[in-house]
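J.: Structure file start_13.tsv (TSV, C-alpha atoms) right here:
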```
chain	number	residue	atom	x	y	z
A	1	MET	CA	80.93	68.71	-129.43
A	2	ALA	CA	80.22	70.12	-132.82
A	3	ASN	CA	81.20	73.70	-133.40
A	4	PRO	CA	78.50	76.05	-132.13
A	5	THR	CA	76.50	77.35	-135.07
A	6	PRO	CA	74.67	80.63	-134.59
A	7	ARG	CA	71.33	81.14	-136.29
A	8	VAL	CA	69.82	84.60	-136.38
A	9	ARG	CA	66.55	85.86	-137.75
A	10	VAL	CA	66.44	89.57	-138.60
A	11	PRO	CA	63.92	91.04	-141.02
A	12	ALA	CA	65.81	92.11	-144.16
A	13	GLN	CA	63.83	95.33	-144.44
A	14	ALA	CA	62.09	97.63	-142.02
A	15	LYS	CA	60.38	100.99	-142.08
A	16	LYS	CA	62.06	103.87	-140.30
A	17	GLY	CA	60.99	103.87	-136.67
A	18	GLU	CA	59.61	100.35	-136.83
A	19	ILE	CA	60.39	98.12	-133.85
A	20	ILE	CA	61.62	94.79	-135.12
A	21	GLU	CA	62.13	91.55	-133.23
A	22	ILE	CA	65.45	89.79	-133.53
A	23	LYS	CA	65.64	86.11	-132.73
A	24	THR	CA	68.90	84.29	-132.14
A	25	LEU	CA	69.79	80.70	-131.43
A	26	ILE	CA	73.16	79.03	-131.08
A	27	SER	CA	73.89	75.33	-130.79
A	28	HIS	CA	75.76	74.78	-127.54
A	29	GLU	CA	75.51	72.21	-124.78
A	30	MET	CA	75.68	74.81	-121.99
A	31	GLU	CA	77.28	72.33	-119.60
A	32	SER	CA	76.06	73.60	-116.25
A	33	GLY	CA	78.84	72.28	-114.03
A	34	GLN	CA	76.21	70.45	-111.96
A	35	ARG	CA	76.12	67.17	-113.83
A	36	LYS	CA	78.26	64.14	-113.07
A	37	ASP	CA	79.68	61.65	-115.53
A	38	SER	CA	79.29	57.86	-115.20
A	39	ALA	CA	82.35	57.74	-112.90
A	40	GLY	CA	80.73	60.23	-110.53
A	41	LYS	CA	83.07	63.06	-111.42
A	42	THR	CA	81.58	66.52	-111.90
A	43	ILE	CA	81.65	67.61	-115.53
A	44	PRO	CA	83.25	71.07	-115.54
A	45	ARG	CA	81.08	74.03	-116.46
A	46	GLN	CA	81.29	75.22	-120.03
A	47	ILE	CA	78.60	77.65	-121.08
A	48	ILE	CA	78.29	80.68	-123.27
A	49	ASN	CA	78.37	83.40	-120.65
A	50	ALA	CA	77.69	86.50	-122.72
A	51	PHE	CA	75.75	87.53	-125.76
A	52	THR	CA	76.01	90.96	-127.36
A	53	ALA	CA	74.33	92.62	-130.30
A	54	ALA	CA	75.82	95.69	-131.96
A	55	PHE	CA	74.43	97.77	-134.79
A	56	ASN	CA	76.94	99.68	-136.95
A	57	GLY	CA	79.52	99.15	-134.23
A	58	LYS	CA	77.38	100.40	-131.34
A	59	GLN	CA	76.17	97.96	-128.72
A	60	VAL	CA	72.38	97.88	-128.55
A	61	PHE	CA	71.67	94.86	-126.39
A	62	ALA	CA	73.61	92.50	-124.14
A	63	ALA	CA	72.79	89.48	-122.06
A	64	THR	CA	74.84	87.77	-119.36
A	65	TRP	CA	73.89	84.15	-119.18
A	66	HIS	CA	74.35	82.00	-116.10
A	67	SER	CA	74.39	78.23	-115.92
A	68	ALA	CA	70.60	78.21	-115.61
A	69	ILE	CA	70.24	78.98	-119.32
A	70	SER	CA	69.09	75.98	-121.36
A	71	ALA	CA	71.20	74.14	-123.91
A	72	ASN	CA	71.14	75.64	-127.40
A	73	PRO	CA	70.43	79.07	-125.93
A	74	TYR	CA	67.74	81.15	-127.53
A	75	GLN	CA	67.58	84.89	-127.14
A	76	SER	CA	65.19	87.34	-128.65
A	77	PHE	CA	65.00	91.10	-128.23
A	78	PHE	CA	63.79	94.20	-130.03
A	79	PHE	CA	65.42	96.93	-132.07
A	80	LYS	CA	64.12	100.25	-133.33
A	81	ALA	CA	65.10	100.59	-136.99
A	82	GLN	CA	66.43	104.07	-137.82
A	83	ASP	CA	69.10	103.62	-140.48
A	84	SER	CA	70.30	100.86	-142.73
A	85	GLY	CA	73.30	98.99	-141.46
A	86	GLU	CA	74.73	95.80	-140.17
A	87	PHE	CA	74.19	93.86	-136.97
A	88	LYS	CA	77.03	92.01	-135.37
A	89	PHE	CA	76.12	89.33	-132.87
A	90	ALA	CA	78.74	87.77	-130.61
A	91	TRP	CA	78.62	84.87	-128.17
A	92	LYS	CA	81.41	84.39	-125.62
A	93	ASP	CA	82.25	80.88	-124.49
A	94	ASP	CA	83.69	79.97	-121.05
A	95	ASN	CA	86.68	78.49	-122.90
A	96	GLY	CA	87.56	81.89	-124.36
A	97	SER	CA	86.24	81.36	-127.88
A	98	GLU	CA	83.92	83.81	-129.48
A	99	TYR	CA	81.31	82.97	-132.10
A	100	THR	CA	79.99	85.74	-134.31
A	101	SER	CA	77.34	86.31	-136.91
A	102	THR	CA	76.34	89.35	-138.95
A	103	SER	CA	73.04	90.40	-140.57
A	104	LYS	CA	72.16	93.31	-142.80
A	105	LEU	CA	69.16	95.54	-142.29
A	106	THR	CA	67.78	97.89	-144.92
A	107	VAL	CA	65.59	100.74	-143.74
A	108	ALA	CA	63.22	102.00	-146.36
B	1	MET	CA	71.03	34.78	-82.84
B	2	SER	CA	72.21	36.52	-79.67
B	3	SER	CA	70.23	39.45	-78.35
B	4	THR	CA	73.28	41.71	-78.02
B	5	PHE	CA	73.86	43.86	-81.06
B	6	THR	CA	76.73	42.68	-83.16
B	7	PRO	CA	76.90	44.33	-86.54
B	8	SER	CA	76.36	41.63	-89.13
B	9	ARG	CA	77.69	41.91	-92.64
B	10	ARG	CA	74.21	42.97	-93.75
B	11	THR	CA	73.80	45.82	-91.25
B	12	VAL	CA	77.30	47.12	-92.03
B	13	LEU	CA	76.54	47.10	-95.73
B	14	SER	CA	73.17	48.76	-95.37
B	15	ALA	CA	74.64	51.44	-93.11
B	16	GLY	CA	77.24	52.04	-95.79
B	17	ALA	CA	74.53	52.22	-98.42
B	18	ILE	CA	72.59	54.78	-96.40
B	19	ALA	CA	75.72	56.89	-95.94
B	20	ALA	CA	76.45	56.70	-99.67
B	21	PHE	CA	72.85	57.64	-100.45
B	22	ALA	CA	73.04	60.61	-98.08
B	23	ALA	CA	76.32	61.68	-99.68
B	24	ALA	CA	74.77	61.43	-103.12
B	25	LEU	CA	71.83	63.46	-101.91
B	26	ALA	CA	73.86	66.16	-100.20
B	27	PRO	CA	74.96	68.10	-103.29
B	28	ARG	CA	71.37	68.03	-104.51
B	29	LEU	CA	70.34	69.87	-101.37
B	30	ALA	CA	72.77	72.69	-102.06
B	31	PHE	CA	70.18	74.88	-103.71
B	32	ALA	CA	69.79	78.60	-103.58
B	33	ASP	CA	67.00	80.00	-101.46
B	34	GLU	CA	65.11	83.25	-101.12
B	35	LYS	CA	67.85	84.67	-98.92
B	36	MET	CA	70.51	84.02	-101.56
B	37	VAL	CA	68.41	85.81	-104.15
B	38	ALA	CA	67.92	88.71	-101.73
B	39	ASP	CA	71.69	88.78	-101.16
B	40	GLU	CA	72.37	88.88	-104.89
B	41	ILE	CA	69.98	91.80	-105.26
B	42	LYS	CA	71.61	93.53	-102.31
B	43	LYS	CA	75.02	93.07	-103.95
B	44	LEU	CA	73.72	94.87	-107.03
B	45	TYR	CA	71.62	97.62	-105.54
B	46	GLY	CA	72.30	97.73	-101.79
B	47	ASP	CA	69.30	98.68	-99.68
B	48	LYS	CA	67.60	100.80	-102.33
B	49	LYS	CA	63.83	100.76	-102.40
B	50	ILE	CA	62.34	98.36	-104.90
B	51	ASP	CA	58.77	98.86	-106.09
B	52	ALA	CA	56.40	96.34	-107.55
B	53	GLY	CA	54.97	96.82	-111.03
B	54	LYS	CA	56.06	97.92	-114.51
B	55	ILE	CA	57.33	94.41	-115.28
B	56	LYS	CA	55.46	91.72	-117.11
B	57	LEU	CA	57.15	88.45	-116.29
B	58	ASP	CA	55.86	85.78	-118.60
B	59	VAL	CA	56.68	82.24	-117.46
B	60	PRO	CA	54.54	79.10	-117.58
B	61	GLN	CA	52.65	78.27	-114.38
B	62	ILE	CA	53.52	74.62	-114.85
B	63	ALA	CA	56.66	73.52	-116.68
B	64	GLU	CA	56.63	69.88	-117.67
B	65	ASN	CA	60.30	69.91	-118.50
B	66	GLY	CA	62.51	71.96	-116.20
B	67	LEU	CA	65.34	71.83	-118.75
B	68	VAL	CA	63.62	74.20	-121.13
B	69	VAL	CA	61.37	76.80	-119.51
B	70	PRO	CA	60.55	79.79	-121.70
B	71	ILE	CA	60.77	83.19	-120.04
B	72	THR	CA	59.85	86.59	-121.39
B	73	VAL	CA	60.49	89.78	-119.47
B	74	ASP	CA	58.69	92.86	-120.66
B	75	VAL	CA	59.24	96.19	-118.90
B	76	GLU	CA	56.94	99.13	-119.44
B	77	SER	CA	59.02	102.10	-120.61
B	78	PRO	CA	59.01	104.69	-123.40
B	79	MET	CA	62.66	103.71	-124.18
B	80	THR	CA	63.75	107.24	-125.05
B	81	ASP	CA	67.21	108.65	-124.35
B	82	ALA	CA	65.82	110.35	-121.24
B	83	ASP	CA	63.80	107.45	-119.88
B	84	PHE	CA	64.71	103.86	-120.59
B	85	VAL	CA	65.29	100.54	-118.93
B	86	LYS	CA	68.98	100.08	-118.22
B	87	ALA	CA	69.16	96.57	-116.92
B	88	VAL	CA	67.05	93.58	-116.02
B	89	HIS	CA	68.19	90.74	-113.81
B	90	VAL	CA	66.45	87.41	-113.43
B	91	PHE	CA	66.98	85.07	-110.48
B	92	ALA	CA	65.59	81.68	-109.52
B	93	ASP	CA	65.46	80.82	-105.82
B	94	GLY	CA	65.48	77.02	-106.10
B	95	ASN	CA	68.34	76.40	-108.51
B	96	PRO	CA	71.88	75.43	-107.48
B	97	GLN	CA	72.87	79.01	-108.30
B	98	PRO	CA	70.46	81.93	-108.10
B	99	GLY	CA	71.52	83.77	-111.27
B	100	VAL	CA	69.65	83.13	-114.51
B	101	VAL	CA	70.25	86.03	-116.84
B	102	SER	CA	71.06	89.75	-116.84
B	103	TYR	CA	70.10	92.00	-119.72
B	104	THR	CA	71.50	95.38	-120.69
B	105	PHE	CA	69.09	97.46	-122.74
B	106	THR	CA	69.66	100.70	-124.63
B	107	PRO	CA	67.17	103.24	-126.04
B	108	ASP	CA	67.95	101.71	-129.47
B	109	CYS	CA	65.98	98.62	-128.44
B	110	GLY	CA	62.72	100.52	-128.78
B	111	LYS	CA	61.11	98.09	-126.39
B	112	ALA	CA	62.49	96.59	-123.17
B	113	SER	CA	61.54	93.04	-123.83
B	114	ALA	CA	63.56	89.87	-124.20
B	115	SER	CA	62.91	86.14	-124.26
B	116	THR	CA	65.08	83.16	-123.54
B	117	ARG	CA	64.84	79.63	-122.16
B	118	MET	CA	66.06	78.58	-118.75
B	119	ARG	CA	66.61	75.51	-116.61
B	120	LEU	CA	64.72	75.11	-113.35
B	121	ALA	CA	65.78	72.34	-110.98
B	122	GLN	CA	62.49	72.23	-109.08
B	123	THR	CA	59.31	74.15	-108.35
B	124	GLN	CA	60.42	77.64	-107.39
B	125	ASN	CA	60.01	81.39	-107.70
B	126	VAL	CA	61.47	83.37	-110.54
B	127	VAL	CA	62.36	86.91	-109.44
B	128	CYS	CA	63.01	89.76	-111.79
B	129	ILE	CA	64.51	93.21	-111.07
B	130	ALA	CA	64.47	96.08	-113.54
B	131	GLU	CA	66.70	99.14	-113.23
B	132	MET	CA	65.49	102.30	-114.95
B	133	SER	CA	67.75	105.02	-116.34
B	134	ASN	CA	66.72	107.31	-113.45
B	135	GLY	CA	67.77	104.68	-110.92
B	136	ALA	CA	64.29	103.50	-109.95
B	137	LEU	CA	63.96	99.77	-109.30
B	138	TYR	CA	61.04	97.50	-109.97
B	139	THR	CA	60.48	93.86	-109.21
B	140	ALA	CA	58.18	91.04	-110.20
B	141	LYS	CA	57.92	87.45	-109.04
B	142	ALA	CA	56.26	84.35	-110.43
B	143	GLU	CA	56.12	80.76	-109.29
B	144	VAL	CA	56.82	77.98	-111.76
B	145	LYS	CA	55.79	74.45	-110.88
B	146	VAL	CA	58.29	72.02	-112.34
B	147	THR	CA	57.30	68.43	-113.04
B	148	ILE	CA	60.73	67.15	-114.11
B	149	GLY	CA	63.76	69.01	-112.72
B	150	GLY	CA	66.38	70.39	-115.05
B	151	CYS	CA	69.63	69.67	-113.31
B	152	GLY	CA	70.72	66.47	-114.97
B	153	GLY	CA	72.47	63.88	-112.84
```
Can the structure from this file be put into structure tokens for me?

T.:
Amino acid sequence: MANPTPRVRVPAQAKKGEIIEIKTLISHEMESGQRKDSAGKTIPRQIINAFTAAFNGKQVFAATWHSAISANPYQSFFFKAQDSGEFKFAWKDDNGSEYTSTSKLTVA
Amino acid sequence: MSSTFTPSRRTVLSAGAIAAFAAALAPRLAFADEKMVADEIKKLYGDKKIDAGKIKLDVPQIAENGLVVPITVDVESPMTDADFVKAVHVFADGNPQPGVVSYTFTPDCGKASASTRMRLAQTQNVVCIAEMSNGALYTAKAEVKVTIGGCGG
């Protein structure tokens, strides 16, 4: 499997107090642990089990994903812009790896 | 052919085939049900009272492809430090496992709303529980009819 690539859409600028929508997507097969290979053996589960979003080091949103989340998981949520800063998004894989992405937000 | 039953090669094979078919079917039957969802909720919140309302659960009535079913949960709340939505849990009662997703919100979100995409193995109910900062619980339920199941195989 190709390395999971996160894609995040955050507006570059926002007004103070504005509620912005953040959309994230990461390429991942999200192997559910339910499927069987051609030999009839169960393919072990390997999903991204957690997603977190932090702004200037403070966690603002988190999601725990179970095996019922689709491949290439999409997650959107909202954020109330108060100050300029940087988002850090992190995805935790069942295999222990962590994928991260950062985005800057300027509050006018 | 004699009238007494002697298992021919064909009957033995077909019996074997039926057994194999049943065995192949058995794991497919191991789905969650309403009770499992209720148990999961009990594990989280015990016997606390859960009210209806406050939640807008947006799922399609009919999903053509159970592999990718969009879901948006929107909870009514001012999202201030004193009154906000702490957590939202989503369950599906006809999947192999009941859990779908759990969200943790903070007042910084401004709005307790989140969207994702889920897999549904068959036609079933999607149940959502929201926990407010004051401990109050709300629930919402919606049925999704699935044309093609999303459990691979």

J.: Name all residues at most 8 Å from region 66-83 of chain B (count only C-alpha atoms; drop same-chain ones fewer than 3 positions away) and give them as a PDB file with C-alpha atoms, keeping the file's coordinate frame.

T.:
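Dumped everything to part_33.pdb:
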```pdb
ATOM      1  CA  SER A  70      69.090  75.980-121.360  1.00  0.00           C
TER       2      SER A  70
ATOM      3  CA  LYS B  54      56.060  97.920-114.510  1.00  0.00           C
ATOM      4  CA  ILE B  55      57.330  94.410-115.280  1.00  0.00           C
ATOM      5  CA  LYS B  56      55.460  91.720-117.110  1.00  0.00           C
ATOM      6  CA  LEU B  57      57.150  88.450-116.290  1.00  0.00           C
ATOM      7  CA  ASP B  58      55.860  85.780-118.600  1.00  0.00           C
ATOM      8  CA  VAL B  59      56.680  82.240-117.460  1.00  0.00           C
ATOM      9  CA  PRO B  60      54.540  79.100-117.580  1.00  0.00           C
ATOM     10  CA  ALA B  63      56.660  73.520-116.680  1.00  0.00           C
ATOM     11  CA  THR B 106      69.660 100.700-124.630  1.00  0.00           C
ATOM     12  CA  PRO B 107      67.170 103.240-126.040  1.00  0.00           C
ATOM     13  CA  ASP B 108      67.950 101.710-129.470  1.00  0.00           C
ATOM     14  CA  CYS B 109      65.980  98.620-128.440  1.00  0.00           C
ATOM     15  CA  GLY B 110      62.720 100.520-128.780  1.00  0.00           C
ATOM     16  CA  LYS B 111      61.110  98.090-126.390  1.00  0.00           C
ATOM     17  CA  ALA B 112      62.490  96.590-123.170  1.00  0.00           C
ATOM     18  CA  SER B 113      61.540  93.040-123.830  1.00  0.00           C
ATOM     19  CA  ALA B 114      63.560  89.870-124.200  1.00  0.00           C
ATOM     20  CA  SER B 115      62.910  86.140-124.260  1.00  0.00           C
ATOM     21  CA  THR B 116      65.080  83.160-123.540  1.00  0.00           C
ATOM     22  CA  ARG B 117      64.840  79.630-122.160  1.00  0.00           C
ATOM     23  CA  MET B 118      66.060  78.580-118.750  1.00  0.00           C
ATOM     24  CA  ARG B 119      66.610  75.510-116.610  1.00  0.00           C
ATOM     25  CA  LEU B 120      64.720  75.110-113.350  1.00  0.00           C
ATOM     26  CA  ALA B 121      65.780  72.340-110.980  1.00  0.00           C
ATOM     27  CA  GLN B 122      62.490  72.230-109.080  1.00  0.00           C
ATOM     28  CA  ALA B 130      64.470  96.080-113.540  1.00  0.00           C
ATOM     29  CA  MET B 132      65.490 102.300-114.950  1.00  0.00           C
ATOM     30  CA  SER B 133      67.750 105.020-116.340  1.00  0.00           C
ATOM     31  CA  ASN B 134      66.720 107.310-113.450  1.00  0.00           C
ATOM     32  CA  VAL B 146      58.290  72.020-112.340  1.00  0.00           C
ATOM     33  CA  THR B 147      57.300  68.430-113.040  1.00  0.00           C
ATOM     34  CA  ILE B 148      60.730  67.150-114.110  1.00  0.00           C
ATOM     35  CA  GLY B 149      63.760  69.010-112.720  1.00  0.00           C
ATOM     36  CA  GLY B 150      66.380  70.390-115.050  1.00  0.00           C
ATOM     37  CA  CYS B 151      69.630  69.670-113.310  1.00  0.00           C
TER      38      CYS B 151
END
```

J.: When you draw a straight line from CA of Leu105 (chain A) to CA of Lys58 (chain A), how long is it in Å?

T.: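 Going from CA of Leu105 (chain A) over to CA of Lys58 (chain A) covers 14.5 Å.
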
J.: With all atoms listed in the file considered, list every residue of chain A at most 10 Å from chain B, as a short mmCIF file (atom, residue, chain, number, x, y, z; two decimals) with C-alpha atoms, in the frame of the given file.

T.:
```cif
data_model
loop_
_atom_site.label_atom_id
_atom_site.label_comp_id
_atom_site.auth_asym_id
_atom_site.auth_seq_id
_atom_site.Cartn_x
_atom_site.Cartn_y
_atom_site.Cartn_z
CA GLY A 17 60.99 103.87 -136.67
CA GLU A 18 59.61 100.35 -136.83
CA ILE A 19 60.39 98.12 -133.85
CA ILE A 20 61.62 94.79 -135.12
CA GLU A 21 62.13 91.55 -133.23
CA ILE A 22 65.45 89.79 -133.53
CA LYS A 23 65.64 86.11 -132.73
CA THR A 24 68.90 84.29 -132.14
CA LEU A 25 69.79 80.70 -131.43
CA GLU A 31 77.28 72.33 -119.60
CA SER A 32 76.06 73.60 -116.25
CA GLY A 33 78.84 72.28 -114.03
CA GLN A 34 76.21 70.45 -111.96
CA ARG A 35 76.12 67.17 -113.83
CA LYS A 36 78.26 64.14 -113.07
CA ASP A 37 79.68 61.65 -115.53
CA SER A 38 79.29 57.86 -115.20
CA GLY A 40 80.73 60.23 -110.53
CA THR A 42 81.58 66.52 -111.90
CA ASN A 49 78.37 83.40 -120.65
CA ALA A 50 77.69 86.50 -122.72
CA PHE A 51 75.75 87.53 -125.76
CA THR A 52 76.01 90.96 -127.36
CA PHE A 55 74.43 97.77 -134.79
CA LYS A 58 77.38 100.40 -131.34
CA GLN A 59 76.17 97.96 -128.72
CA VAL A 60 72.38 97.88 -128.55
CA PHE A 61 71.67 94.86 -126.39
CA ALA A 62 73.61 92.50 -124.14
CA ALA A 63 72.79 89.48 -122.06
CA THR A 64 74.84 87.77 -119.36
CA TRP A 65 73.89 84.15 -119.18
CA HIS A 66 74.35 82.00 -116.10
CA SER A 67 74.39 78.23 -115.92
CA ALA A 68 70.60 78.21 -115.61
CA ILE A 69 70.24 78.98 -119.32
CA SER A 70 69.09 75.98 -121.36
CA ALA A 71 71.20 74.14 -123.91
CA ASN A 72 71.14 75.64 -127.40
CA PRO A 73 70.43 79.07 -125.93
CA TYR A 74 67.74 81.15 -127.53
CA GLN A 75 67.58 84.89 -127.14
CA SER A 76 65.19 87.34 -128.65
CA PHE A 77 65.00 91.10 -128.23
CA PHE A 78 63.79 94.20 -130.03
CA PHE A 79 65.42 96.93 -132.07
CA LYS A 80 64.12 100.25 -133.33
CA ALA A 81 65.10 100.59 -136.99
CA GLN A 82 66.43 104.07 -137.82
#
```

J.: Considering all atoms listed in the file, state which residue in the set A:Gln46, A:Ser84, A:Thr5, A:Gln13 is at the smallest distance from Thr100 (chain A).

T.: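 Of A:Gln46, A:Ser84, A:Thr5, A:Gln13, the one nearest Thr100 (chain A), counting all atoms listed in the file, is A:Thr5.
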
J.: Measure the distance from CA of Asp83 (chain A) to CA of Val107 (chain A) in Å and round it to one decimal.

T.: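 Rounded to one decimal, the two atoms are 5.6 Å apart.
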
J.: Separation of CA of Gly57 (chain A) and CA of Gly135 (chain B), in Å?

T.: 26.7 Å

J.: Might I get the box with edges along x, y and z of the file that holds all atoms of region 127-145 of chain B listed there, padded by 3 Å on every side, given as centre and edge lengths in Å to one decimal, as JSON?

T.:
```
{"center_x": 61.8, "center_y": 90.9, "center_z": -112.7, "size_x": 18.0, "size_y": 38.9, "size_z": 13.3}
```

J.: Which polymer residues, whether protein, DNA or RNA, lie within 10 Å of the coordinate (69.1, 85.9, -103.1) when you count all atoms listed in the file? List them as a list of chain:residue names, using the chain letters and numbers from the file.

T.: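 Those within range, by chain then number, are B:Ala32, B:Asp33, B:Glu34, B:Lys35, B:Met36, B:Val37, B:Ala38, B:Asp39, B:Glu40, B:Ile41, B:Lys42, B:Lys43, B:Phe91, B:Ala92, B:Asp93, B:Gln97, B:Pro98, B:Gly99, B:Val127.
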
J.: Nearest to Val10 (chain A): which of A:Asn95, A:Ser101, A:Ile47, A:Asn56 is it, counting only C-alpha atoms?

T.: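 Using only C-alpha atoms, the shortest distance to Val10 (chain A) belongs to A:Ser101.
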
J.: Fewer than 4 positions away in the same chain doesn't count, so skip those; otherwise give me all residues within 6 Å of Gln124 (chain B), counting only C-alpha atoms, as a list in words.

T.: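 Residues near the query, excluding close chain neighbours: Gly94, Glu143 and Val144 of chain B.
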
J.: Could you tell me which of A:Met30, A:Ala12, A:Ile43, A:Ile48 comes closest to Tyr99 (chain A) if we count all atoms listed in the file?

T.: A:Ile48
